[in-house]
Amino acid sequence: KQEVTQIPAALSVPEGENLVLNCSFTDSAIYNLQWFRQDPGKGLTSLLLIQSSQREQTSGRLNASLDKSSGRSTLYIAASQPGDSATYLCAVYQGGSEKLVFGKGMKLTVNP
Amino acid sequence: EAGVAQSPRYKIIEKRQSVAFWCNPISGHATLYWYQQILGQGPKLLIQFQNNGVVDDSQLPKDRFSAERLKGVDSTLKIQPAKLEDSAVYLCASSLGDGIEMGELFFGEGSRLTVL
């Protein structure tokens with residue numbers, strides 16, 4: 001059974017820091033991995049989608065990498081801003097079971 | 001492009017009452033998902049439709065939850081009777097396809113249910 005883990009559960013940093021958010025998964029048979037952002041009381045917004053054949057994806061200040069063999073992905077946020085404060089979730093689309101399995105998320109607070 | 005629409009945004013009911021949530025996915029998206037998100041947890045898939053057929057409902061508590069997708073577009077999720085542990089946010093999402101052709105997943109704002 002696929003398990004997705006995000007550690008730590010929460011992180012508080014001062015504005016301007018470069019951040020690395022971690023995601024690990026137990027079964028490497030995945031189609032893709034997605035990073036989402038969730039603001040309080042809102043739905044999830046897709047940030048980056050990495051197909052299983054890709055190593056990384058970039059969008060603005062965000063860069064996500066995927067190492068399927070080791071079951072890891074990282075989301076890199078450059079020059080963090082207070083507006084980046086949110087919960088970040090990663091999810092893997094599991095081959096075979098055809099399911100998207102989510103981690104519990106990491107709550108990020110960027111202090112001005 | 002319009003996003004995934006959900007209603008109502010908030011609902012408070014007594015236990016043993018019934019409730020229904022509605023979702024309109026992004027136009028042209030064949031796959032529709034209902035997720036349950038309990039506070040502090042990641043979303044858990046309840047049911048997945050491909051057009052108007054059910055792909056996966058293995059985690060749907062079928063004794064009290066039901067869902068349908070009429071004509072492969074809108075969908076309704078119903079809970080009857082509700083229990084206290086059903087208090088959660090119910091998220092609807094859609095994607096162009098599924099499996100290896102899923103692409104990005106787009107979520108609605110969610111429907112927050114409180115069962116008293």
# chains A, B, ... in the order shown; residues from 1 in each chain; ligands from 1

call {"tool": "select_by_dssp", "arguments": {"residues": "chain B", "states": "strand (DSSP E)", "output": "MDAnalysis selection string"}}
result
chainID B and resid 5:7 10:13 19:24 31:37 44:50 53:56 65:69 75:79 88:95 106:107 111:115

call {"tool": "residues_around", "arguments": {"residues": "range 24-30 of chain A", "least_positions_apart": "5", "cutoff": "7 Å", "atoms": "only C-alpha atoms", "output": "NGL selection string"}}
result
:A and (2-6 or 52 or 68-69 or 71-73 or 92-95)

call {"tool": "interface_residues", "arguments": {"of": "chain B", "to": "chain A", "cutoff": "8 Å", "atoms": "only C-alpha atoms", "output": "ChimeraX atom specification"}}
result
/B:40-45,91,98-100,103-110

call {"tool": "residues_around", "arguments": {"residues": "Gln6 in chain B", "least_positions_apart": "3", "cutoff": "12 Å", "atoms": "only C-alpha atoms", "output": "number ranges by chain"}}
result
A: 42-43; B: 2-3, 9-10, 20-26, 34, 74-77, 89-94, 107-112

call {"tool": "closest_residue", "arguments": {"among": "B:Asn52, B:Ala30, B:Ile13, B:Ser18", "to": "Lys71 in chain B", "atoms": "only C-alpha atoms"}}
result
B:Asn52

call {"tool": "residues_around", "arguments": {"residues": "Ser12 in chain A", "least_positions_apart": "3", "cutoff": "7 Å", "atoms": "only C-alpha atoms", "output": "list in words"}}
result
Leu108, Thr109 and Val110 of chain A

call {"tool": "closest_residue", "arguments": {"among": "A:Ser80, A:Arg55, A:Pro14, A:Asn22", "to": "Trp35 in chain A", "atoms": "only C-alpha atoms"}}
result
A:Asn22
